[in-house]
Structures are given as structure tokens and as C-alpha cells.
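Below: one structure, written as C-alpha cells.
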Amino acid sequence: MDQIMVEDQVSMIIDYSEPSYATSGSNEIDSADSDSSELLIGEGLVKLHESSLEASIISLSFFSGMGQDSILAKKTKIVSIYKNLNSSWSAKARMQSFRIFSKAVADKCGGDANVKYAWYGASRDEICEILKHGFSWCPRAADNRGCCRRSISLSHPKFSLDSLLSTKVDETGLGYMFLCRVILGKQEVVTADSNQYLPSSPEFDSGVDNLSAPRKYIVWSSYMNSHILPCYIISFEAPYLRGSKGLLEANIIKPRAPWIMFRTLISLLSRFLGPSEMASLNEQYKHFQEKMISRPQLIQSVKEIAGNQLLAAVINLYTNKIQQFQVVNGQGLSVQEVKDNRSSSSRKRRRSSESK
């Protein structure tokens with residue numbers, strides 16, 4: 001109930017149609033001109049005062065989506081929240097486009113464009129690129145999203161954790177997420193292994209993983225700069241995103257080797273990865289079932305597609321809830337195997353250097 005109320009509150013407080021420009025005398029936001037993070041992220045942003053109602057609601061939504069009393073929530077700290085003023089000429093054009101499409105979709109859908117808030121996690125470099133140029137078909141800074149993406153996946157407001165785990169911390173240890181306004185219109189279900197890159201018919205405007213209980217919103221790449229409007233940037237400290245050592249220190253990875261079925265793992269990863277990555281995962285799993293590749297080859301493919309950081313976090317988040325389950329025919333993957341590959345690579349590099 002609290003999470004639903006948070007979404008309603010954000011919708012009432014924040015008007016997507018015309019962002020307000022803060023003045024120097026405002027007690028709701030602080031100017032970010034002298035903040036070092038502003039220089040890293042880009043221009044056209046103002047920093048919300050942490051005690052303001054706007055920042056408090058966004059912060060509550062952020063932590064509610066992680067589970068207020070979860071280990072991850074306790075190990076995460078919001079450093080700052082910025083409002084995107086869309087002050088550059090290109091940003092103003094994208095904002096105007098968003099308003100035009102909002103009206104067009106509303107007219108098409110009987111008066112309701114189904115505009116919602118959603119989270120989008122990214123690296124600092126990708127955040128910068130989006131602020132300057134908008135979303136890209138080939139995001140240079142997105143390690144796990146593939147070169148030419150068919151769609152953009154955003155997380156429902158109540159599942160900020162999904163976007164958080166897809167971020168990449170910078171050299172200062174900070175992670176970044178957008179809180180966006182998204183035009184959803186009429187939605188259709190898009191499965192994790194789908195190769196779809198456009199609406200299946202003019203009737204639909206966007207995709208969703210589950211119509212009755214949405215967790216992931218899918219916006220087609222052709223609509224990404226007209227149907228998504230980044231409104232806020234949240235910077236945060238999350239030591240557990242710095243690799244397996246950070247996950248261990250955060251008590252996310254336990255000193256044991258939990259197991260999880262590949263089919264279950266793929267289902268869990270579908271919350272964080274886009275359709276193209278999921279299609280690759282399902283293809284590799286099919287090859288394994290048909291005995292075209294070995295189990296170690298499948299494990300390596302899963303690591304390359306999902307990344308060790310996300311993979312280890314997902315496995316351990318799952319095993320924190322499910323303490324005991326059977327492994328059938330050995331078709332599972334353990335956290336130890338995620339770490340073994342890294343240790344093996346390190347040993348090979350050491351032997352190579354010693355032989356020289």
C-alpha cells in the first residue's frame with residue numbers, strides 16, 4: 001500500500017508537462033553550479049534540497065523499490081537528486097516532442113496517454129550522453145545492452161532495484177539513475193525472449209512484461225526520444241556494485257555456494273536485461289539442452305551476456321529468499337562458479353607474467 005501511495009504522491013507533486021525553473025531564492029532546491037557532481041554530469045540541472053518535499057518523495061520511492069528493510073537498502077545512500085530543467089535547445093525540442101506525443105496518444109486512446117514514472121539505470125557516461133543528445137540506438141557506455149538495441153527497458157516505480165542493479169559505478173564510487181516520465185499508451189505483453197522491435201499493430205504504443213502486475217516497461221527505440229522524458233537524476237553510493245568483493249562486504253554474497261536452476265536464473269535476469277540480451281540467453285540455453293554446447297560453455301555465455309556483477313547479485317538475492325531447493329540433473333549455476341572464472345583468469349595472467 002505504501003508503495004502505491006508513493007507513486008500517487010509523485011504524480012501529484014511533479015508536473016511533467018512544464019518543468020519549473022528554480023530561482024536563486026528558492027528554498028526547495030539548491031543550485032548545483034558549485035557542486036562537483038554537476039561538472040561530471042552536465043549542464044541544465046539543479047540540485048534538490050534534501051529536506052524538500054519533492055526530494056523526500058523521490059527518495060522514499062527509491063528506497064521503497066528496494067525494500068525498506070532489505071540489506072541493499074541499508075547499504076545504499078542517496079548522495080544527491082537533480083532536477084533536469086531541459087534548458088538546452090535540443091532538450092527543449094525533446095520536451096516539446098514529449099508534450100505533442102502525449103496529446104496525440106491521449107487522443108488515440110480515448111483521452112488517457114497512460115503517462116507514468118519509471119526508473120532507468122545507466123553509467124555516468126550514458127547519463128551524460130542522454131542529457132546532451134537524447135537516447136541512442138547504440139549506447140557507447142552501456143556494457144550489457146548490446147550495440148544496436150531494439151528497445152529501452154525501464155523499471156516500474158515500485159521496482160527501483162531492477163534499474164539500480166543495471167547501473168555501473170564511476171571511479172568515485174557513485175551510481176546514477178534517471179527517474180523518467182514515460183508515455184505508455186496502450187500496452188502489449190512482450191516476452192523476455194522476443195525479437196520484437198516495433199508495436200505488433202497500430203493499436204499498441206509500448207510493451208510490458210505483465211499487464212496486471214507490471215515490473216518492466218518497454219519503449220521501442222523508434223519512440224525513445226519522444227516517449228521518454230528524463231526528469232530527475234539520482235546519484236547514490238552503493239559499495240556492493242563495485243564487484244564481487246563489494247558484494248561480499250555488503251553481506252550480499254555469503255561465504256557459501258548457493259545454486260539456482262538455469263531456467264529460474266534466466267527468468268530472474270529478464271527483469272534486468274533487454275529483449276535482445278534475453279534472446280541471446282535463451283538461444284544459448286537451447287543449445288545447451290540440445291547438447292550443442294557444454295555446461296561450462298553455457299556458464300561462460302551467461303557471464304558474458306549478464307556480467308558477473310549482476311549475475312552474482314541476482315543469484316544471491318534469490319537464495320536469500322529461497323534457502324533450500326533441489327538441483328535436478330546438475331543444471332544449475334552457483335555463485336562460486338561465477339567467482340571461479342575470475343580467479344582462474346587471474347591465475348593464468350600471473351603464470352603468464354612469471355614465465356616472461
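Ordering of the C-alpha cells sets the chain letters (A, B, ...), residue numbers begin anew at 1 in every chain, and ligands are numbered from 1 in the order given.
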Backbone-only DSSP, strand (DSSP E) members of region 88-331 of chain A, as a VMD selection string: chain A and resid 115 to 122 151 to 155 174 to 183 187 to 189 206 to 208 216 to 220 228 to 237 259 to 261
Every residue of region 20-241 of chain A that DSSP places in helix (DSSP H, G or I), as number ranges by chain: A: 36-41, 53-64, 71-74, 89-108, 124-133, 160-164, 221-223, 239-241
Please provide the set of residues having any atom within 8 Å of Phe98 (chain A), restricted to only C-alpha atoms, with same-chain residues fewer than 2 positions apart removed, written as a list in words.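 Once the nearby chain positions are removed, what remains is Arg94, Met95, Gln96, Ile100, Phe101, Ser102, Asn225, Ser226, His227, Ile228 and Leu229 of chain A.
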Could you save those same residues with C-alpha atoms as a PDB file, in the first residue's frame?
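The new file result36.pdb reads:
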ATOM      1  CA  ARG A  94      12.647  16.776 -26.922  1.00  0.00           C
ATOM      2  CA  MET A  95      10.414  18.110 -24.154  1.00  0.00           C
ATOM      3  CA  GLN A  96       8.127  19.728 -26.730  1.00  0.00           C
ATOM      4  CA  ILE A 100       2.983  16.687 -28.536  1.00  0.00           C
ATOM      5  CA  PHE A 101       3.099  12.873 -28.417  1.00  0.00           C
ATOM      6  CA  SER A 102       1.384  12.858 -25.015  1.00  0.00           C
ATOM      7  CA  ASN A 225      13.236  10.333 -27.616  1.00  0.00           C
ATOM      8  CA  SER A 226       9.572  11.214 -27.977  1.00  0.00           C
ATOM      9  CA  HIS A 227       8.042   8.926 -25.331  1.00  0.00           C
ATOM     10  CA  ILE A 228      10.688   9.148 -22.561  1.00  0.00           C
ATOM     11  CA  LEU A 229      11.457  12.378 -20.704  1.00  0.00           C
TER      12      LEU A 229
END
If you count only C-alpha atoms, which residues fall within 12 Å of region 188-197 of chain A, apart from same-chain ones fewer than 3 positions away, as number ranges by chain? A: 137, 148-153, 184-185, 200-224, 266-286
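Distance check against Ala313 (chain A) using only C-alpha atoms: of A:Lys92, A:Arg242, A:Lys291, A:Lys74, the minimum falls on A:Arg242.
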Which residue, A:Ser294, A:Thr167, A:Ser160, A:Ser80, has the smallest gap to Met66 (chain A) when you use only C-alpha atoms?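 Looking only at the distances to Met66 (chain A), the closest residue turns out to be A:Ser160.
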Smallest atom-to-atom distance to Leu48 (chain A): which of A:Lys132, A:Arg181, A:Lys83, A:Lys303, using only C-alpha atoms?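 That would be A:Lys83, the residue with the smallest distance to Leu48 (chain A).
Comparing the minimum interatomic distances between Ser87 (chain A) and each of A:Gly44, A:Glu129, A:Ala73, A:Glu50, counting only C-alpha atoms, we find that A:Gly44 sits nearest.
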Can you measure CA of Leu154 (chain A) to CA of Cys180 (chain A) for me? One decimal in Å is fine.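 Between CA of Leu154 (chain A) and CA of Cys180 (chain A) the gap is 8.7 Å.
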